[in-house]
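Engineer: mmCIF, C-alpha atoms and all ligand atoms, file start_2.cif:
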```
data_query
loop_
_atom_site.group_PDB
_atom_site.id
_atom_site.type_symbol
_atom_site.label_atom_id
_atom_site.label_comp_id
_atom_site.auth_asym_id
_atom_site.auth_seq_id
_atom_site.Cartn_x
_atom_site.Cartn_y
_atom_site.Cartn_z
ATOM 1 C CA MET A 1 -28.950 -2.464 -26.346
ATOM 2 C CA GLU A 2 -32.715 -2.504 -26.368
ATOM 3 C CA ASN A 3 -34.300 0.923 -26.130
ATOM 4 C CA SER A 4 -36.499 -0.313 -23.314
ATOM 5 C CA PHE A 5 -33.501 -1.106 -21.082
ATOM 6 C CA HIS A 6 -34.019 0.359 -17.641
ATOM 7 C CA PHE A 7 -30.642 1.726 -16.434
ATOM 8 C CA LYS A 8 -29.835 1.073 -12.784
ATOM 9 C CA LYS A 9 -28.395 4.066 -11.023
ATOM 10 C CA SER A 10 -27.377 1.844 -8.109
ATOM 11 C CA PHE A 11 -24.991 -0.018 -10.472
ATOM 12 C CA GLY A 12 -23.500 3.222 -11.821
ATOM 13 C CA GLN A 13 -24.926 2.492 -15.281
ATOM 14 C CA ASN A 14 -23.919 5.332 -17.579
ATOM 15 C CA PHE A 15 -23.089 3.770 -20.916
ATOM 16 C CA LEU A 16 -20.692 5.332 -23.393
ATOM 17 C CA LYS A 17 -22.284 6.479 -26.635
ATOM 18 C CA ASP A 18 -19.519 8.631 -28.124
ATOM 19 C CA HIS A 19 -17.435 6.776 -30.704
ATOM 20 C CA ASN A 20 -14.520 9.205 -30.573
ATOM 21 C CA VAL A 21 -14.147 8.594 -26.848
ATOM 22 C CA ILE A 22 -14.343 4.838 -27.335
ATOM 23 C CA ASP A 23 -11.688 5.024 -30.104
ATOM 24 C CA ASN A 24 -9.418 7.143 -27.931
ATOM 25 C CA ILE A 25 -9.649 4.726 -25.022
ATOM 26 C CA ILE A 26 -8.872 1.785 -27.297
ATOM 27 C CA LYS A 27 -5.925 3.628 -28.887
ATOM 28 C CA SER A 28 -4.523 4.568 -25.475
ATOM 29 C CA ALA A 29 -4.863 1.003 -24.238
ATOM 30 C CA ASP A 30 -2.722 -0.239 -27.144
ATOM 31 C CA ILE A 31 -3.751 -3.859 -26.799
ATOM 32 C CA ASP A 32 -2.345 -6.790 -28.762
ATOM 33 C CA LYS A 33 -2.711 -10.558 -28.876
ATOM 34 C CA ASP A 34 -0.228 -10.930 -26.016
ATOM 35 C CA THR A 35 -2.605 -9.069 -23.726
ATOM 36 C CA LEU A 36 -5.086 -10.478 -21.265
ATOM 37 C CA VAL A 37 -7.600 -7.697 -20.678
ATOM 38 C CA ILE A 38 -9.835 -7.389 -17.654
ATOM 39 C CA GLU A 39 -12.921 -5.241 -18.124
ATOM 40 C CA ILE A 40 -15.126 -4.485 -15.146
ATOM 41 C CA GLY A 41 -18.668 -3.556 -16.145
ATOM 42 C CA PRO A 42 -18.913 -4.247 -19.881
ATOM 43 C CA GLY A 43 -22.505 -2.969 -19.726
ATOM 44 C CA GLY A 44 -23.924 -2.703 -23.247
ATOM 45 C CA GLY A 45 -20.542 -3.704 -24.688
ATOM 46 C CA ALA A 46 -19.505 -0.362 -26.211
ATOM 47 C CA LEU A 47 -15.856 -0.878 -25.231
ATOM 48 C CA THR A 48 -15.973 -4.649 -25.118
ATOM 49 C CA LYS A 49 -16.778 -5.133 -28.772
ATOM 50 C CA GLU A 50 -13.646 -3.164 -29.673
ATOM 51 C CA LEU A 51 -11.418 -4.776 -27.037
ATOM 52 C CA VAL A 52 -12.201 -8.419 -27.684
ATOM 53 C CA PRO A 53 -11.052 -8.567 -31.345
ATOM 54 C CA LEU A 54 -7.727 -6.946 -30.424
ATOM 55 C CA CYS A 55 -6.694 -8.849 -27.309
ATOM 56 C CA GLY A 56 -5.463 -12.362 -26.627
ATOM 57 C CA ARG A 57 -8.226 -12.942 -24.114
ATOM 58 C CA ALA A 58 -10.746 -10.827 -22.231
ATOM 59 C CA LEU A 59 -12.050 -11.467 -18.759
ATOM 60 C CA LEU A 60 -15.291 -9.559 -18.271
ATOM 61 C CA TYR A 61 -17.032 -8.991 -14.938
ATOM 62 C CA GLU A 62 -20.599 -7.676 -15.060
ATOM 63 C CA ILE A 63 -22.890 -7.498 -12.030
ATOM 64 C CA ASP A 64 -26.172 -7.070 -13.916
ATOM 65 C CA ASP A 65 -27.510 -10.377 -15.256
ATOM 66 C CA ARG A 66 -29.995 -8.532 -17.496
ATOM 67 C CA LEU A 67 -27.016 -7.609 -19.717
ATOM 68 C CA GLU A 68 -25.675 -11.128 -20.224
ATOM 69 C CA GLU A 69 -27.733 -12.176 -23.248
ATOM 70 C CA ASN A 70 -27.032 -8.982 -25.140
ATOM 71 C CA LEU A 71 -23.281 -9.218 -24.418
ATOM 72 C CA ARG A 72 -23.069 -12.854 -25.532
ATOM 73 C CA ASN A 73 -24.945 -11.960 -28.705
ATOM 74 C CA LEU A 74 -22.703 -9.029 -29.414
ATOM 75 C CA LEU A 75 -19.597 -11.203 -29.002
ATOM 76 C CA LYS A 76 -20.959 -14.370 -30.604
ATOM 77 C CA GLU A 77 -18.273 -14.555 -33.282
ATOM 78 C CA TYR A 78 -15.458 -14.580 -30.689
ATOM 79 C CA ASP A 79 -14.322 -17.324 -28.344
ATOM 80 C CA ASN A 80 -11.493 -15.458 -26.621
ATOM 81 C CA PHE A 81 -13.532 -14.031 -23.749
ATOM 82 C CA ASP A 82 -14.975 -15.159 -20.429
ATOM 83 C CA LEU A 83 -17.969 -13.345 -19.072
ATOM 84 C CA LYS A 84 -18.548 -13.621 -15.351
ATOM 85 C CA ILE A 85 -21.857 -12.345 -14.073
ATOM 86 C CA CYS A 86 -20.944 -11.355 -10.529
ATOM 87 C CA ASN A 87 -19.966 -8.540 -8.237
ATOM 88 C CA PHE A 88 -16.323 -7.885 -9.035
ATOM 89 C CA LEU A 89 -15.642 -6.854 -5.438
ATOM 90 C CA ASP A 90 -16.539 -10.374 -4.253
ATOM 91 C CA THR A 91 -14.258 -12.180 -6.674
ATOM 92 C CA ASP A 92 -10.934 -13.832 -6.040
ATOM 93 C CA ILE A 93 -9.006 -12.242 -8.924
ATOM 94 C CA SER A 94 -5.824 -14.250 -8.366
ATOM 95 C CA LYS A 95 -7.816 -17.479 -8.535
ATOM 96 C CA ASP A 96 -9.660 -16.343 -11.678
ATOM 97 C CA LEU A 97 -6.357 -15.455 -13.319
ATOM 98 C CA CYS A 98 -4.783 -18.861 -12.559
ATOM 99 C CA GLU A 99 -6.436 -20.230 -15.690
ATOM 100 C CA TYR A 100 -4.603 -17.866 -18.007
ATOM 101 C CA LYS A 101 -1.034 -17.342 -19.070
ATOM 102 C CA TYR A 102 -0.395 -14.110 -20.941
ATOM 103 C CA PRO A 103 2.691 -11.920 -21.101
ATOM 104 C CA LYS A 104 0.698 -8.776 -20.304
ATOM 105 C CA LEU A 105 -2.259 -8.052 -18.054
ATOM 106 C CA TYR A 106 -4.262 -4.850 -18.671
ATOM 107 C CA LEU A 107 -7.323 -3.386 -17.003
ATOM 108 C CA VAL A 108 -9.416 -1.363 -19.440
ATOM 109 C CA ALA A 109 -12.804 -0.111 -18.316
ATOM 110 C CA ASN A 110 -15.346 2.601 -17.920
ATOM 111 C CA LEU A 111 -15.705 1.928 -14.222
ATOM 112 C CA PRO A 112 -18.853 2.120 -12.124
ATOM 113 C CA TYR A 113 -18.035 5.375 -10.305
ATOM 114 C CA TYR A 114 -19.581 4.460 -6.958
ATOM 115 C CA ILE A 115 -16.817 1.879 -6.408
ATOM 116 C CA THR A 116 -13.797 3.290 -8.288
ATOM 117 C CA THR A 117 -11.489 3.367 -5.274
ATOM 118 C CA PRO A 118 -12.595 -0.037 -3.878
ATOM 119 C CA ILE A 119 -11.918 -1.599 -7.307
ATOM 120 C CA ILE A 120 -8.404 -0.178 -7.586
ATOM 121 C CA THR A 121 -7.522 -0.951 -3.981
ATOM 122 C CA LYS A 122 -8.836 -4.494 -4.434
ATOM 123 C CA PHE A 123 -6.273 -5.126 -7.172
ATOM 124 C CA ILE A 124 -3.500 -3.831 -4.940
ATOM 125 C CA ASP A 125 -4.702 -5.651 -1.802
ATOM 126 C CA ASP A 126 -5.102 -8.908 -3.764
ATOM 127 C CA ASN A 127 -1.607 -8.374 -5.135
ATOM 128 C CA VAL A 128 -2.780 -8.465 -8.741
ATOM 129 C CA LEU A 129 -1.003 -5.590 -10.442
ATOM 130 C CA PRO A 130 -1.980 -5.084 -14.104
ATOM 131 C CA ASP A 131 0.920 -3.883 -16.269
ATOM 132 C CA LYS A 132 -1.284 -1.115 -17.539
ATOM 133 C CA ILE A 133 -4.600 0.372 -16.459
ATOM 134 C CA VAL A 134 -6.698 2.605 -18.712
ATOM 135 C CA ILE A 135 -9.876 3.615 -16.936
ATOM 136 C CA MET A 136 -12.609 6.147 -17.256
ATOM 137 C CA ILE A 137 -13.426 7.591 -13.866
ATOM 138 C CA GLN A 138 -15.057 10.673 -12.391
ATOM 139 C CA LYS A 139 -13.022 13.780 -13.256
ATOM 140 C CA GLU A 140 -12.522 14.772 -9.609
ATOM 141 C CA VAL A 141 -11.226 11.321 -8.743
ATOM 142 C CA ALA A 142 -8.913 11.416 -11.774
ATOM 143 C CA SER A 143 -7.440 14.657 -10.410
ATOM 144 C CA ARG A 144 -6.733 12.951 -7.091
ATOM 145 C CA PHE A 145 -5.204 9.868 -8.701
ATOM 146 C CA SER A 146 -2.822 11.958 -10.829
ATOM 147 C CA ALA A 147 -2.258 14.929 -8.479
ATOM 148 C CA LYS A 148 1.114 16.640 -8.179
ATOM 149 C CA ILE A 149 2.780 17.268 -4.839
ATOM 150 C CA ASN A 150 1.876 20.570 -3.074
ATOM 151 C CA THR A 151 -1.596 20.709 -4.628
ATOM 152 C CA LYS A 152 -4.956 20.367 -2.907
ATOM 153 C CA ASP A 153 -5.735 17.118 -4.733
ATOM 154 C CA TYR A 154 -2.561 15.398 -3.524
ATOM 155 C CA GLY A 155 -3.707 12.878 -0.906
ATOM 156 C CA SER A 156 -3.088 9.474 0.592
ATOM 157 C CA LEU A 157 -4.454 7.696 -2.477
ATOM 158 C CA THR A 158 -2.142 9.705 -4.744
ATOM 159 C CA VAL A 159 0.889 8.671 -2.724
ATOM 160 C CA PHE A 160 -0.242 5.094 -2.412
ATOM 161 C CA LEU A 161 -0.964 4.653 -6.141
ATOM 162 C CA ASN A 162 2.270 6.407 -6.973
ATOM 163 C CA TYR A 163 4.142 3.696 -5.133
ATOM 164 C CA TYR A 164 3.002 1.159 -7.723
ATOM 165 C CA TYR A 165 2.130 3.186 -10.794
ATOM 166 C CA ASP A 166 3.054 6.174 -12.953
ATOM 167 C CA VAL A 167 -0.309 7.856 -13.238
ATOM 168 C CA VAL A 168 -1.331 10.387 -15.890
ATOM 169 C CA LYS A 169 -4.666 11.886 -16.799
ATOM 170 C CA LEU A 170 -5.056 11.413 -20.567
ATOM 171 C CA PHE A 171 -8.175 13.429 -21.412
ATOM 172 C CA ASP A 172 -11.449 14.779 -20.054
ATOM 173 C CA VAL A 173 -14.795 13.422 -21.184
ATOM 174 C CA SER A 174 -17.990 15.453 -21.101
ATOM 175 C CA ARG A 175 -21.086 14.101 -19.346
ATOM 176 C CA ASN A 176 -22.841 14.376 -22.714
ATOM 177 C CA CYS A 177 -20.943 11.347 -23.990
ATOM 178 C CA PHE A 178 -23.019 8.965 -21.847
ATOM 179 C CA VAL A 179 -26.510 7.608 -21.717
ATOM 180 C CA PRO A 180 -28.103 8.340 -19.321
ATOM 181 C CA ARG A 181 -26.228 11.625 -18.810
ATOM 182 C CA PRO A 182 -24.500 11.595 -15.406
ATOM 183 C CA ASN A 183 -24.265 14.639 -13.105
ATOM 184 C CA VAL A 184 -20.482 14.733 -13.290
ATOM 185 C CA ASP A 185 -17.808 14.946 -15.967
ATOM 186 C CA SER A 186 -15.277 12.182 -16.446
ATOM 187 C CA ALA A 187 -11.665 11.653 -17.388
ATOM 188 C CA VAL A 188 -9.561 8.816 -18.695
ATOM 189 C CA VAL A 189 -6.524 7.945 -16.643
ATOM 190 C CA GLU A 190 -3.567 5.778 -17.612
ATOM 191 C CA MET A 191 -1.535 3.972 -14.972
ATOM 192 C CA LYS A 192 1.661 2.166 -15.945
ATOM 193 C CA LEU A 193 3.198 -0.278 -13.498
ATOM 194 C CA LYS A 194 6.594 0.940 -12.315
ATOM 195 C CA SER A 195 9.361 -1.402 -13.338
ATOM 196 C CA LYS A 196 11.320 -0.545 -10.203
ATOM 197 C CA ARG A 197 9.879 0.145 -6.772
ATOM 198 C CA LYS A 198 11.738 1.240 -3.681
ATOM 199 C CA ASN A 199 11.738 -1.343 -0.945
ATOM 200 C CA VAL A 200 9.120 -0.709 1.747
ATOM 201 C CA LYS A 201 9.844 -2.789 4.826
ATOM 202 C CA ASP A 202 6.216 -3.019 5.951
ATOM 203 C CA ILE A 203 3.541 -2.242 3.387
ATOM 204 C CA ASP A 204 0.688 -2.234 5.932
ATOM 205 C CA LEU A 205 2.528 0.268 8.099
ATOM 206 C CA PHE A 206 3.228 2.353 4.977
ATOM 207 C CA LYS A 207 -0.497 2.425 4.140
ATOM 208 C CA LYS A 208 -1.353 3.398 7.713
ATOM 209 C CA VAL A 209 1.281 6.119 8.026
ATOM 210 C CA VAL A 210 0.307 7.663 4.672
ATOM 211 C CA LYS A 211 -3.389 7.570 5.577
ATOM 212 C CA ASP A 212 -2.792 9.048 9.039
ATOM 213 C CA SER A 213 -0.527 11.779 7.626
ATOM 214 C CA PHE A 214 -3.426 13.088 5.538
ATOM 215 C CA ARG A 215 -6.125 12.487 8.188
ATOM 216 C CA TYR A 216 -6.735 16.177 8.917
ATOM 217 C CA LYS A 217 -5.645 18.048 5.824
ATOM 218 C CA ARG A 218 -5.123 21.354 7.618
ATOM 219 C CA LYS A 219 -3.055 19.857 10.409
ATOM 220 C CA ASN A 220 0.675 19.420 10.245
ATOM 221 C CA ILE A 221 2.625 16.170 10.450
ATOM 222 C CA LYS A 222 3.328 16.689 14.171
ATOM 223 C CA ASN A 223 -0.413 16.578 14.897
ATOM 224 C CA ASN A 224 -1.467 13.955 12.400
ATOM 225 C CA LEU A 225 1.319 11.560 13.397
ATOM 226 C CA LYS A 226 1.338 12.299 17.135
ATOM 227 C CA ASP A 227 0.810 8.619 17.995
ATOM 228 C CA TYR A 228 4.080 7.623 16.297
ATOM 229 C CA ASP A 229 7.678 8.204 17.371
ATOM 230 C CA LEU A 230 8.071 11.872 16.422
ATOM 231 C CA ASN A 231 11.837 11.788 16.974
ATOM 232 C CA ILE A 232 12.275 9.331 14.143
ATOM 233 C CA ILE A 233 9.930 11.305 11.881
ATOM 234 C CA GLU A 234 11.683 14.583 12.672
ATOM 235 C CA ARG A 235 15.062 13.066 11.876
ATOM 236 C CA VAL A 236 13.899 11.767 8.479
ATOM 237 C CA LEU A 237 12.143 15.039 7.632
ATOM 238 C CA GLY A 238 15.361 16.895 8.469
ATOM 239 C CA LYS A 239 17.182 14.989 5.735
ATOM 240 C CA TYR A 240 14.777 16.538 3.231
ATOM 241 C CA ASP A 241 14.900 20.043 4.797
ATOM 242 C CA PHE A 242 11.480 19.722 6.411
ATOM 243 C CA ASP A 243 10.447 19.833 10.049
ATOM 244 C CA LEU A 244 7.402 18.569 11.948
ATOM 245 C CA ASN A 245 5.411 21.641 10.992
ATOM 246 C CA CYS A 246 5.172 20.583 7.347
ATOM 247 C CA ARG A 247 1.987 19.113 5.944
ATOM 248 C CA ALA A 248 1.548 15.750 4.258
ATOM 249 C CA GLU A 249 0.846 17.428 0.924
ATOM 250 C CA ASN A 250 4.468 18.727 0.954
ATOM 251 C CA LEU A 251 5.971 15.246 1.181
ATOM 252 C CA SER A 252 6.949 13.030 -1.726
ATOM 253 C CA LEU A 253 6.564 9.272 -1.908
ATOM 254 C CA ASP A 254 10.273 8.866 -1.076
ATOM 255 C CA VAL A 255 9.876 10.740 2.217
ATOM 256 C CA PHE A 256 6.983 8.528 3.314
ATOM 257 C CA ILE A 257 8.947 5.388 2.397
ATOM 258 C CA ASP A 258 11.949 6.655 4.319
ATOM 259 C CA ILE A 259 9.843 7.434 7.414
ATOM 260 C CA VAL A 260 8.274 3.972 7.425
ATOM 261 C CA ASN A 261 11.549 2.133 6.832
ATOM 262 C CA GLU A 262 13.198 4.102 9.616
ATOM 263 C CA MET A 263 10.301 3.296 11.985
ATOM 264 C CA LYS A 264 10.711 -0.384 11.131
ATOM 265 C CA THR A 265 14.467 -0.304 11.675
ATOM 266 C CA TYR A 266 14.029 1.081 15.164
ATOM 267 C CA SER A 267 11.087 -1.165 16.092
ATOM 268 C CA ASN A 268 13.239 -4.211 15.221
ATOM 269 C CA GLU A 269 16.164 -3.168 17.386
HETATM 270 N N1 LIG B 301 -18.568 -0.395 -20.144
HETATM 271 C C1 LIG B 301 -19.885 0.142 -20.402
HETATM 272 C C2 LIG B 301 -19.746 1.404 -21.215
HETATM 273 O O1 LIG B 301 -18.649 1.998 -21.201
HETATM 274 O O2 LIG B 301 -20.718 1.802 -21.838
HETATM 275 C C3 LIG B 301 -20.662 0.383 -19.104
HETATM 276 C C4 LIG B 301 -19.979 1.230 -18.070
HETATM 277 S S1 LIG B 301 -21.019 1.663 -16.715
HETATM 278 C C5 LIG B 301 -20.247 3.179 -16.199
HETATM 279 C C6 LIG B 301 -20.516 0.597 -15.393
HETATM 280 C C7 LIG B 301 -20.868 -0.880 -15.560
HETATM 281 O O3 LIG B 301 -20.395 -1.579 -14.402
HETATM 282 C C8 LIG B 301 -22.349 -1.209 -15.651
HETATM 283 O O4 LIG B 301 -22.564 -2.119 -16.705
HETATM 284 C C9 LIG B 301 -22.686 -1.862 -14.309
HETATM 285 O O5 LIG B 301 -23.758 -2.769 -14.367
HETATM 286 C C10 LIG B 301 -21.364 -2.529 -13.968
HETATM 287 N N2 LIG B 301 -21.122 -2.751 -12.525
HETATM 288 C C11 LIG B 301 -21.521 -1.986 -11.489
HETATM 289 N N3 LIG B 301 -21.097 -2.488 -10.322
HETATM 290 C C12 LIG B 301 -20.389 -3.610 -10.623
HETATM 291 C C13 LIG B 301 -19.699 -4.573 -9.838
HETATM 292 N N4 LIG B 301 -19.640 -4.476 -8.493
HETATM 293 N N5 LIG B 301 -19.096 -5.627 -10.459
HETATM 294 C C14 LIG B 301 -19.161 -5.750 -11.824
HETATM 295 N N6 LIG B 301 -19.799 -4.848 -12.618
HETATM 296 C C15 LIG B 301 -20.408 -3.793 -12.034
#
```
Just give me the structure as structure tokens.
Structural biologist:
Amino acid sequence: MENSFHFKKSFGQNFLKDHNVIDNIIKSADIDKDTLVIEIGPGGGALTKELVPLCGRALLYEIDDRLEENLRNLLKEYDNFDLKICNFLDTDISKDLCEYKYPKLYLVANLPYYITTPIITKFIDDNVLPDKIVIMIQKEVASRFSAKINTKDYGSLTVFLNYYYDVVKLFDVSRNCFVPRPNVDSAVVEMKLKSKRKNVKDIDLFKKVVKDSFRYKRKNIKNNLKDYDLNIIERVLGKYDFDLNCRAENLSLDVFIDIVNEMKTYSNE
């Protein structure tokens, strides 16, 4: 990267400069030639130049066209990558992926923090589920992604991600490892696609019920889900030794799935 490069805060441009962190991300990703890797925001290429030699193919999405020349230069000895200069959120990932056939799809990235959740939910909404995700995100967000039940960080996103993925926080990363230095610390999170998922009869209803359950964190399920059939909910909660006075943070993924499937059973009768 040229020293004169003017970093854009609006694009979440905090580039990694710490080689240990880069090595640890690459080791955790455990990429091989059978892997198609998606990287969102290659930036100055700190991760990219390590990823590309290891993977079968890399699909890189970068919004900032000022970075294109440098990235192409950096990767000039490789032909196993495609660089798309665009806003990742506007892409049709399924269509982009049609061109490739690889046994494994991974997402490895130091994400632009201002759109971490939209990026992850886009994959899920577009029904593109990487086998493994290794991402650097804001530490607070990492705590929510990987939160345990009955903790303050356990929320709708935790439950929702947990439906698809086993999520673990791998390690924290200090703000000093970036240029420019951000105002927050970071963490690297690993998400492995679950090989088996419980059947959810209506995924949109599941998303809505989970979201509504956590709407007011201090309110109980009776209040947060008052617009649904509380008899059904009470009956399901009873199976797990809960009643309507419990809070969403007390309920596991299985309970939410059970509630939604029961609602669907009765709505179809
Ligand atoms: N990967 C580099 C690194 O680790 O040093 C840069 C990471 S930086 C935190 C985030 C990168 O995402 C920047 O290069 C930024 O321009 C890019 N970016 C921001 N918004 C984007 C979007 N909507 N689509 C694609 N790339 C985006």
Engineer: Could you check which of A:Asp241, A:Glu190, A:Glu50, A:Asp34 is closest to Pro103 (chain A), using all atoms listed in the file?
Structural biologist: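 Using all atoms listed in the file, Pro103 (chain A) sits closest to A:Asp34.
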Engineer: Have a look at A:Tyr216, A:Phe81, A:Tyr114, A:Phe178 and name the one nearest to Asp18 (chain A); count only C-alpha atoms.
Structural biologist: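 Ranking A:Tyr216, A:Phe81, A:Tyr114, A:Phe178 by distance to Asp18 (chain A), first place goes to A:Phe178.
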Engineer: Determine the residue set returned by the PyMOL selection byres (((chain A and resi 128-132) around 6) and not hetatm) for the present structure, and present it as number ranges by chain.
Structural biologist: A: 105-106, 123, 126-127, 133, 191-193
Engineer: Residues within 10 Å of Asp258 (chain A), please, as number ranges by chain. Count all atoms listed in the file; anything in the same chain fewer than 6 positions from it doesn't count.
Structural biologist: A: 198-201, 206, 233, 236-237, 239, 264
Engineer: Choose the residue, out of A:Val184, A:Leu157, A:Ala29, A:Ile259, that has the smallest atom-to-atom separation from Arg215 (chain A); count only C-alpha atoms.
Structural biologist: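 Of A:Val184, A:Leu157, A:Ala29, A:Ile259, the one nearest Arg215 (chain A), counting only C-alpha atoms, is A:Leu157.
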Engineer: For the atom pair CA of Ser146 (chain A) and CA of Ile124 (chain A), what is the interatomic distance in Å to one decimal place?
Structural biologist: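 Those two atoms sit 16.9 Å apart.
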Engineer: As AutoDock Vina command-line options, please: the centre and edge lengths in Å, to one decimal, of an axis-aligned box enclosing every listed atom of region 251-267 of chain A with 3 Å added on each side.
Structural biologist:
```
--center_x 10.2 --center_y 7.0 --center_z 7.1 --size_x 14.5 --size_y 22.4 --size_z 24.0
```
Engineer: Which protein, DNA or RNA residues have an atom within 7 Å of ligand LIG 301 (chain B), counting only C-alpha atoms and all ligand atoms, as a list in words?
Structural biologist: Phe11, Gly12, Gln13, Asn14, Phe15, Leu16, Lys17, Ile40, Gly41, Pro42, Gly43, Gly44, Gly45, Ala46, Leu47, Tyr61, Glu62, Ile63, Asp64, Cys86, Asn87, Phe88, Leu89, Ala109, Asn110, Leu111, Pro112 and Tyr113 of chain A
Engineer: Mind writing the picked residues with C-alpha atoms as a PDB file, keeping the file's coordinate frame?
Structural biologist:
```pdb
ATOM      1  CA  PHE A  11     -24.991  -0.018 -10.472  1.00  0.00           C
ATOM      2  CA  GLY A  12     -23.500   3.222 -11.821  1.00  0.00           C
ATOM      3  CA  GLN A  13     -24.926   2.492 -15.281  1.00  0.00           C
ATOM      4  CA  ASN A  14     -23.919   5.332 -17.579  1.00  0.00           C
ATOM      5  CA  PHE A  15     -23.089   3.770 -20.916  1.00  0.00           C
ATOM      6  CA  LEU A  16     -20.692   5.332 -23.393  1.00  0.00           C
ATOM      7  CA  LYS A  17     -22.284   6.479 -26.635  1.00  0.00           C
ATOM      8  CA  ILE A  40     -15.126  -4.485 -15.146  1.00  0.00           C
ATOM      9  CA  GLY A  41     -18.668  -3.556 -16.145  1.00  0.00           C
ATOM     10  CA  PRO A  42     -18.913  -4.247 -19.881  1.00  0.00           C
ATOM     11  CA  GLY A  43     -22.505  -2.969 -19.726  1.00  0.00           C
ATOM     12  CA  GLY A  44     -23.924  -2.703 -23.247  1.00  0.00           C
ATOM     13  CA  GLY A  45     -20.542  -3.704 -24.688  1.00  0.00           C
ATOM     14  CA  ALA A  46     -19.505  -0.362 -26.211  1.00  0.00           C
ATOM     15  CA  LEU A  47     -15.856  -0.878 -25.231  1.00  0.00           C
ATOM     16  CA  TYR A  61     -17.032  -8.991 -14.938  1.00  0.00           C
ATOM     17  CA  GLU A  62     -20.599  -7.676 -15.060  1.00  0.00           C
ATOM     18  CA  ILE A  63     -22.890  -7.498 -12.030  1.00  0.00           C
ATOM     19  CA  ASP A  64     -26.172  -7.070 -13.916  1.00  0.00           C
ATOM     20  CA  CYS A  86     -20.944 -11.355 -10.529  1.00  0.00           C
ATOM     21  CA  ASN A  87     -19.966  -8.540  -8.237  1.00  0.00           C
ATOM     22  CA  PHE A  88     -16.323  -7.885  -9.035  1.00  0.00           C
ATOM     23  CA  LEU A  89     -15.642  -6.854  -5.438  1.00  0.00           C
ATOM     24  CA  ALA A 109     -12.804  -0.111 -18.316  1.00  0.00           C
ATOM     25  CA  ASN A 110     -15.346   2.601 -17.920  1.00  0.00           C
ATOM     26  CA  LEU A 111     -15.705   1.928 -14.222  1.00  0.00           C
ATOM     27  CA  PRO A 112     -18.853   2.120 -12.124  1.00  0.00           C
ATOM     28  CA  TYR A 113     -18.035   5.375 -10.305  1.00  0.00           C
TER      29      TYR A 113
END
```
Engineer: Any idea what's packed within 10 Å of Tyr266 (chain A), counting all atoms listed in the file, ignoring anything in its chain fewer than 3 positions away? Could you give it as number ranges by chain?
Structural biologist: A: 229, 232, 261-263, 269
Engineer: Hey, which of A:Ser10, A:Asn24, A:Thr35, A:Asn70 ends up closest to Lys104 (chain A)? Count all atoms listed in the file.
Structural biologist: A:Thr35
Engineer: Distance CA of Arg247 (chain A)-CA of Ile221 (chain A), one decimal place?
Structural biologist: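 Atom-to-atom, CA of Arg247 (chain A) to CA of Ile221 (chain A), that is 5.4 Å.
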Engineer: Kindly give the distance, in Å, that separates CA of Ile120 (chain A) and CA of Val189 (chain A), rounded to a single decimal.
Structural biologist: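 Computing it gives 12.3 Å between the two atoms.
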Engineer: Could you list, as a ChimeraX atom specification, every residue within 12 Å of Asp125 (chain A), counting all atoms listed in the file and ignoring same-chain residues fewer than 5 positions away?
Structural biologist: /A:89,92-94,117-120,160-161,164,203-204,207
Engineer: Which residue gives the smallest distance to Glu234 (chain A) among A:Lys208, A:Arg57, A:Lys222, A:Lys33, with only C-alpha atoms counted?
Structural biologist: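 Among the listed residues, the smallest separation from Glu234 (chain A) belongs to A:Lys222.
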Engineer: Would you list the contacts of Asn3 (chain A) as a count of residues only, taking every protein, DNA or RNA residue within 12 Å and counting all atoms listed in the file, but skipping same-chain residues closer than 3 positions in sequence?
Structural biologist: 5
